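Engineer: Quick one: structure below, then a few questions.
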Amino acid sequence: MHIEKYSIDAHNELFAKEHNRRLSFAKDTIRNAESVIGKLVDFQVAIPSWALGTGGTRFGRFSGGGEPRNLEEKIEDIGLLHALNKSSGAISLHIPWDIPENATHIKALAAQNGLRFDAMNSNTFQDQPNQELSYKFGSLQNVNKAIRQQAIDHNIEVIKYGIELGSDSLTVWLSDGSCFPGQLNFREAFQNTLSGLQEIYAALPDSWKMFVEYKAFEPNFYSTTVGDWGQSYLYASKLGKKAYTLVDLGHHLPNANIEQIVSLLLMEGKLGGFHFNDSKYGDDDLTTGSIKPYQLFLIFNELVEGMDAKGMNHNTDLGWMIDASHNVKDPLEDLLQSVEAILIAYAQALLTDRKALREAQQNNDVVRAQEILQDTFRTDVRALVAEARLRAGAALNPVELFRSAKIREQLIKNRGAKTVATGL
Ligand SMILES: [Mn+2]
């Protein structure tokens, strides 16, 4: 299904008066409002194909109905999101869940929906039906050479699908690690993983990037072979200039200072991209900005400062993606909320008075530095985000339109109440 332009226009008309009042206040109080709106229009966040169904936990999964049954329907769902907010113009695929049977057809369908293909994701954290060798004791780290080779071949196959679709990056997340002391020789696990990654790296086209994603724990509970940003940075440095570290907000130990990690990786030219989500305890996959919005702002504050210091393009020089798959909300509403939270944090980071902050830092004026950041964080930029959507042809209030247009009800009618999308 598609949302017709007249539905969006009618919705926007309904909310125009209130929006204009809020926008005019925002423009009166925010000095660079116009430039912020322009940057927001350009900013796009990729949607992962596995976030379109209700996420499960190890205790169960409660599907909400109308979930996409195949790759075509996943593209249709992200097309709906993009029509509603014009900020979700890319899709990130997971192989083997999303193998494109006919790449030309899939590319055309994505283009019709205004979408490009973001990073491709490999999967060596599960065994697939008919898979010859098991990843139970790891993939690239495995003590068995044939299992390592199977994982390398799979990643190279993912690159091949990506080339057909016009993607230009590969994200490698490995669940490799150990559950008990003594299970692994750490150095051997590292060396095996490194040489596997080197073979995959060698298969990357020159224009591609490889993102090495880290995660502190789970599914392994004693050690993880790419467990933190230091280990990821070590692999990425040894691999070469096409390899970067990927930061997933949920993949740190509690209370890690993610904004500092981001700042240093950017300084070294080794920050490749982001997976947005939020968490209270671990890798909770909650809606971005729902638990720790100040942390999200502080991260964006470092990102904008660091990218500007290097003259980077905010929209294209890093990979921006949501990686969440929650188990109670309507997944499409959840994604609309996540994108909104990301845009709010980005907009606020664009407001930070860098000159004043620098001055406060140079004078050791700790109180002033805190005030600058907290004043910025407490500035209501929602009218600027809505205005950017309006100018791009999207809805002033995407979640409201999603509900009033009864999109989920139509998806259930078209696809059935018992569909379950591939994913976690
Ligand atoms: Mn991730």
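Ordered as shown in the structure tokens, chains take letters A, B, and onward, while each chain numbers its residues from 1 and ligands are numbered from 1 in the order shown.
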List every residue of range 48-262 of chain A that DSSP, applied to the backbone of this structure, places in helix (DSSP H, G or I), and write the result as a tab-separated table (two decimals) with N, CA and C atoms, in the first residue's frame.
Structural biologist:
chain	number	residue	atom	x	y	z
A	49	SER	N	15.95	-4.03	7.83
A	49	SER	CA	14.83	-4.86	7.37
A	49	SER	C	14.27	-5.72	8.50
A	50	TRP	N	15.09	-5.97	9.54
A	50	TRP	CA	14.64	-6.86	10.62
A	50	TRP	C	13.86	-6.14	11.72
A	51	ALA	N	13.70	-4.81	11.57
A	51	ALA	CA	12.97	-4.07	12.60
A	51	ALA	C	11.50	-3.89	12.23
A	71	LEU	N	10.81	-9.71	1.10
A	71	LEU	CA	11.62	-8.50	0.89
A	71	LEU	C	10.81	-7.37	0.25
A	72	GLU	N	9.94	-7.74	-0.70
A	72	GLU	CA	9.12	-6.71	-1.36
A	72	GLU	C	8.26	-5.97	-0.33
A	73	GLU	N	7.67	-6.73	0.60
A	73	GLU	CA	6.80	-6.08	1.60
A	73	GLU	C	7.62	-5.29	2.62
A	74	LYS	N	8.86	-5.71	2.86
A	74	LYS	CA	9.72	-4.92	3.75
A	74	LYS	C	10.03	-3.56	3.10
A	75	ILE	N	10.30	-3.60	1.81
A	75	ILE	CA	10.57	-2.34	1.09
A	75	ILE	C	9.32	-1.46	1.12
A	76	GLU	N	8.17	-2.09	0.96
A	76	GLU	CA	6.90	-1.36	1.01
A	76	GLU	C	6.73	-0.66	2.37
A	77	ASP	N	7.05	-1.37	3.45
A	77	ASP	CA	6.93	-0.78	4.79
A	77	ASP	C	7.86	0.42	4.97
A	78	ILE	N	9.10	0.27	4.52
A	78	ILE	CA	10.05	1.39	4.69
A	78	ILE	C	9.65	2.54	3.76
A	79	GLY	N	9.08	2.20	2.60
A	79	GLY	CA	8.52	3.25	1.73
A	79	GLY	C	7.43	4.04	2.44
A	80	LEU	N	6.61	3.34	3.22
A	80	LEU	CA	5.55	4.03	4.00
A	80	LEU	C	6.17	4.96	5.03
A	81	LEU	N	7.18	4.45	5.74
A	81	LEU	CA	7.85	5.29	6.74
A	81	LEU	C	8.44	6.54	6.08
A	82	HIS	N	9.09	6.32	4.93
A	82	HIS	CA	9.75	7.44	4.25
A	82	HIS	C	8.74	8.45	3.73
A	83	ALA	N	7.59	7.95	3.29
A	83	ALA	CA	6.53	8.88	2.84
A	83	ALA	C	6.03	9.72	4.02
A	84	LEU	N	5.98	9.11	5.19
A	84	LEU	CA	5.47	9.81	6.38
A	84	LEU	C	6.47	10.81	6.94
A	85	ASN	N	7.79	10.49	6.84
A	85	ASN	CA	8.76	11.43	7.47
A	85	ASN	C	9.85	11.95	6.55
A	103	ALA	N	17.54	-9.07	-8.44
A	103	ALA	CA	18.10	-7.80	-7.96
A	103	ALA	C	17.57	-6.60	-8.76
A	104	THR	N	17.38	-6.77	-10.06
A	104	THR	CA	16.90	-5.65	-10.89
A	104	THR	C	15.51	-5.20	-10.42
A	105	HIS	N	14.66	-6.19	-10.17
A	105	HIS	CA	13.30	-5.91	-9.71
A	105	HIS	C	13.33	-5.24	-8.33
A	106	ILE	N	14.15	-5.76	-7.42
A	106	ILE	CA	14.24	-5.22	-6.05
A	106	ILE	C	14.79	-3.78	-6.08
A	107	LYS	N	15.78	-3.56	-6.93
A	107	LYS	CA	16.35	-2.20	-7.05
A	107	LYS	C	15.30	-1.21	-7.54
A	108	ALA	N	14.53	-1.65	-8.53
A	108	ALA	CA	13.50	-0.77	-9.11
A	108	ALA	C	12.43	-0.46	-8.07
A	109	LEU	N	12.05	-1.48	-7.31
A	109	LEU	CA	11.03	-1.29	-6.28
A	109	LEU	C	11.52	-0.30	-5.21
A	110	ALA	N	12.77	-0.44	-4.80
A	110	ALA	CA	13.33	0.48	-3.81
A	110	ALA	C	13.34	1.90	-4.38
A	111	ALA	N	13.74	2.04	-5.63
A	111	ALA	CA	13.81	3.37	-6.25
A	111	ALA	C	12.41	4.01	-6.31
A	112	GLN	N	11.40	3.19	-6.63
A	112	GLN	CA	10.01	3.72	-6.66
A	112	GLN	C	9.60	4.28	-5.30
A	145	LYS	N	38.97	-25.03	10.73
A	145	LYS	CA	39.23	-24.19	9.55
A	145	LYS	C	38.06	-24.20	8.56
A	146	ALA	N	37.41	-25.36	8.42
A	146	ALA	CA	36.31	-25.46	7.46
A	146	ALA	C	35.14	-24.57	7.88
A	147	ILE	N	34.93	-24.44	9.18
A	147	ILE	CA	33.84	-23.56	9.66
A	147	ILE	C	34.21	-22.10	9.41
A	148	ARG	N	35.49	-21.77	9.65
A	148	ARG	CA	35.94	-20.40	9.37
A	148	ARG	C	35.73	-20.07	7.89
A	149	GLN	N	36.07	-21.04	7.04
A	149	GLN	CA	35.94	-20.81	5.59
A	149	GLN	C	34.47	-20.62	5.20
A	150	GLN	N	33.59	-21.40	5.82
A	150	GLN	CA	32.15	-21.25	5.52
A	150	GLN	C	31.68	-19.83	5.85
A	151	ALA	N	32.17	-19.30	6.98
A	151	ALA	CA	31.78	-17.94	7.39
A	151	ALA	C	32.38	-16.88	6.45
A	152	ILE	N	33.60	-17.11	6.00
A	152	ILE	CA	34.23	-16.18	5.05
A	152	ILE	C	33.44	-16.19	3.74
A	153	ASP	N	33.14	-17.39	3.24
A	153	ASP	CA	32.40	-17.50	1.97
A	153	ASP	C	31.04	-16.81	2.08
A	154	HIS	N	30.38	-16.97	3.23
A	154	HIS	CA	29.08	-16.32	3.41
A	154	HIS	C	29.21	-14.79	3.30
A	155	ASN	N	30.20	-14.23	3.97
A	155	ASN	CA	30.38	-12.77	3.92
A	155	ASN	C	30.68	-12.29	2.50
A	156	ILE	N	31.46	-13.07	1.77
A	156	ILE	CA	31.77	-12.69	0.39
A	156	ILE	C	30.51	-12.75	-0.48
A	157	GLU	N	29.66	-13.71	-0.18
A	157	GLU	CA	28.38	-13.81	-0.89
A	157	GLU	C	27.50	-12.57	-0.59
A	158	VAL	N	27.54	-12.12	0.66
A	158	VAL	CA	26.76	-10.93	1.04
A	158	VAL	C	27.25	-9.71	0.27
A	159	ILE	N	28.57	-9.59	0.11
A	159	ILE	CA	29.13	-8.48	-0.67
A	159	ILE	C	28.59	-8.55	-2.10
A	160	LYS	N	28.56	-9.75	-2.64
A	160	LYS	CA	28.09	-9.95	-4.02
A	160	LYS	C	26.63	-9.47	-4.17
A	161	TYR	N	25.77	-9.82	-3.23
A	161	TYR	CA	24.38	-9.35	-3.28
A	161	TYR	C	24.35	-7.82	-3.17
A	162	GLY	N	25.19	-7.28	-2.31
A	162	GLY	CA	25.23	-5.83	-2.12
A	162	GLY	C	25.63	-5.10	-3.39
A	163	ILE	N	26.61	-5.67	-4.10
A	163	ILE	CA	27.04	-5.04	-5.36
A	163	ILE	C	25.88	-5.00	-6.35
A	164	GLU	N	25.13	-6.10	-6.42
A	164	GLU	CA	23.97	-6.16	-7.34
A	164	GLU	C	22.94	-5.08	-7.02
A	165	LEU	N	22.83	-4.73	-5.73
A	165	LEU	CA	21.78	-3.79	-5.31
A	165	LEU	C	22.26	-2.35	-5.24
A	186	PHE	N	42.44	-16.71	23.83
A	186	PHE	CA	42.04	-15.38	23.33
A	186	PHE	C	42.84	-14.97	22.10
A	187	ARG	N	44.17	-15.22	22.15
A	187	ARG	CA	45.00	-14.76	21.02
A	187	ARG	C	44.68	-15.54	19.75
A	188	GLU	N	44.47	-16.84	19.91
A	188	GLU	CA	44.14	-17.65	18.73
A	188	GLU	C	42.79	-17.21	18.15
A	189	ALA	N	41.81	-16.95	19.05
A	189	ALA	CA	40.49	-16.49	18.57
A	189	ALA	C	40.64	-15.17	17.82
A	190	PHE	N	41.47	-14.27	18.36
A	190	PHE	CA	41.68	-12.97	17.68
A	190	PHE	C	42.34	-13.18	16.32
A	191	GLN	N	43.40	-13.99	16.30
A	191	GLN	CA	44.15	-14.18	15.04
A	191	GLN	C	43.28	-14.85	13.98
A	192	ASN	N	42.50	-15.86	14.38
A	192	ASN	CA	41.61	-16.51	13.41
A	192	ASN	C	40.60	-15.51	12.86
A	193	THR	N	40.04	-14.69	13.76
A	193	THR	CA	39.04	-13.70	13.34
A	193	THR	C	39.68	-12.68	12.41
A	194	LEU	N	40.88	-12.23	12.79
A	194	LEU	CA	41.56	-11.24	11.94
A	194	LEU	C	41.83	-11.80	10.55
A	195	SER	N	42.32	-13.04	10.46
A	195	SER	CA	42.65	-13.53	9.12
A	195	SER	C	41.38	-13.76	8.31
A	196	GLY	N	40.27	-14.14	8.96
A	196	GLY	CA	38.99	-14.24	8.24
A	196	GLY	C	38.54	-12.88	7.73
A	197	LEU	N	38.62	-11.89	8.60
A	197	LEU	CA	38.21	-10.54	8.19
A	197	LEU	C	39.09	-10.04	7.04
A	198	GLN	N	40.39	-10.41	7.08
A	198	GLN	CA	41.28	-9.98	5.99
A	198	GLN	C	40.86	-10.57	4.64
A	199	GLU	N	40.42	-11.82	4.66
A	199	GLU	CA	39.96	-12.43	3.39
A	199	GLU	C	38.69	-11.75	2.89
A	200	ILE	N	37.79	-11.42	3.83
A	200	ILE	CA	36.55	-10.73	3.44
A	200	ILE	C	36.88	-9.33	2.91
A	201	TYR	N	37.77	-8.66	3.62
A	201	TYR	CA	38.20	-7.31	3.23
A	201	TYR	C	38.76	-7.31	1.80
A	202	ALA	N	39.51	-8.36	1.49
A	202	ALA	CA	40.12	-8.44	0.16
A	202	ALA	C	39.06	-8.55	-0.94
A	229	TRP	N	35.20	-1.17	21.76
A	229	TRP	CA	35.70	-0.33	20.66
A	229	TRP	C	37.20	-0.48	20.47
A	230	GLY	N	37.92	-0.82	21.52
A	230	GLY	CA	39.37	-1.02	21.40
A	230	GLY	C	39.68	-2.20	20.50
A	231	GLN	N	38.93	-3.28	20.72
A	231	GLN	CA	39.17	-4.48	19.90
A	231	GLN	C	38.73	-4.22	18.45
A	232	SER	N	37.58	-3.56	18.29
A	232	SER	CA	37.13	-3.25	16.93
A	232	SER	C	38.13	-2.35	16.23
A	233	TYR	N	38.65	-1.36	16.96
A	233	TYR	CA	39.63	-0.43	16.39
A	233	TYR	C	40.90	-1.16	15.99
A	234	LEU	N	41.28	-2.15	16.80
A	234	LEU	CA	42.47	-2.94	16.49
A	234	LEU	C	42.28	-3.72	15.17
A	235	TYR	N	41.13	-4.37	15.04
A	235	TYR	CA	40.85	-5.08	13.77
A	235	TYR	C	40.82	-4.08	12.61
A	236	ALA	N	40.09	-2.98	12.79
A	236	ALA	CA	39.92	-2.02	11.69
A	236	ALA	C	41.27	-1.44	11.29
A	237	SER	N	42.13	-1.17	12.25
A	237	SER	CA	43.45	-0.60	11.94
A	237	SER	C	44.30	-1.61	11.18
A	238	LYS	N	44.25	-2.87	11.61
A	238	LYS	CA	45.05	-3.89	10.94
A	238	LYS	C	44.52	-4.21	9.55
A	239	LEU	N	43.20	-4.04	9.35
A	239	LEU	CA	42.60	-4.38	8.05
A	239	LEU	C	42.97	-3.36	6.98
A	258	ILE	N	29.91	6.82	25.93
A	258	ILE	CA	29.88	6.60	24.48
A	258	ILE	C	30.28	7.86	23.73
A	259	GLU	N	29.93	9.04	24.27
A	259	GLU	CA	30.29	10.27	23.56
A	259	GLU	C	31.81	10.45	23.46
A	260	GLN	N	32.52	9.98	24.47
A	260	GLN	CA	33.99	10.08	24.41
A	260	GLN	C	34.56	9.08	23.40
A	261	ILE	N	33.98	7.87	23.37
A	261	ILE	CA	34.40	6.86	22.39
A	261	ILE	C	34.25	7.41	20.97
A	262	VAL	N	33.09	8.02	20.73
A	262	VAL	CA	32.77	8.55	19.40
A	262	VAL	C	33.76	9.65	19.02
Engineer: Would you mind listing the residues within 10 Å of ligand 1, counting only C-alpha atoms and all ligand atoms, as a PyMOL selection string?
Structural biologist: chain A and resi 48+121+171-173+213-215+246-251+274-277+283+285+321-324
Engineer: Would you work out the distance separating CA of Leu204 in chain A from CA of Lys241 in chain A, expressed in Å to one decimal?
Structural biologist: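 Calculated distance between CA of Leu204 in chain A and CA of Lys241 in chain A is 11.7 Å.
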Engineer: Skipping near chain neighbours, those fewer than 6 positions away, what residues fall within 10 Å of Glu340 in chain A using only C-alpha atoms, listed as a PyMOL selection string?
Structural biologist: chain A and resi 85+87+288-289+334+346+382+385-386+397-398
Engineer: Selection from above, C-alpha atoms, as an mmCIF file, in the first residue's frame, can you write it?
Structural biologist:
data_model
loop_
_atom_site.group_PDB
_atom_site.id
_atom_site.type_symbol
_atom_site.label_atom_id
_atom_site.label_comp_id
_atom_site.auth_asym_id
_atom_site.auth_seq_id
_atom_site.Cartn_x
_atom_site.Cartn_y
_atom_site.Cartn_z
ATOM 1 C CA ASN A 85 8.758 11.432 7.472
ATOM 2 C CA SER A 87 13.965 10.941 6.689
ATOM 3 C CA THR A 288 16.047 5.589 20.470
ATOM 4 C CA GLY A 289 15.892 8.438 22.982
ATOM 5 C CA ASP A 334 8.407 2.605 16.993
ATOM 6 C CA TYR A 346 20.878 16.139 15.792
ATOM 7 C CA ARG A 382 10.368 19.877 17.602
ATOM 8 C CA VAL A 385 11.971 19.011 12.851
ATOM 9 C CA ALA A 386 8.299 19.203 11.817
ATOM 10 C CA ASN A 397 2.944 14.403 12.787
ATOM 11 C CA PRO A 398 3.825 11.006 11.266
#
Engineer: Given only C-alpha atoms as the basis, pick out the residue of A:Asn257, A:Gly273, A:Phe221, A:Ala383 nearest to Ala243 in chain A.
Structural biologist: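 Between A:Asn257, A:Gly273, A:Phe221, A:Ala383, the residue approaching Ala243 in chain A most closely is A:Gly273.
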Engineer: Skipping near chain neighbours, those fewer than 2 positions away, what residues fall within 9 Å of Asp330 in chain A using only C-alpha atoms, listed as a list of chain:residue names?
Structural biologist: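 Residues meeting the cut-off are A:Leu52, A:Gly53, A:Thr54, A:Gly64, A:His326, A:Asn327, A:Val328, A:Leu332, A:Glu333, A:Asp334, A:Leu335, A:Arg408.
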Engineer: Compile the contact shell of Leu350 in chain A as a PyMOL selection string: residues with an atom at most 10 Å away, counting only C-alpha atoms, same-chain residues fewer than 4 positions apart removed.
Structural biologist: chain A and resi 32-33+35-36+39-40+300-301+304-305+344-346+354+376
Engineer: What are the DSSP strand (DSSP E) residues of range 278-405 of chain A, as a ChimeraX atom specification?
Structural biologist: /A:319-322
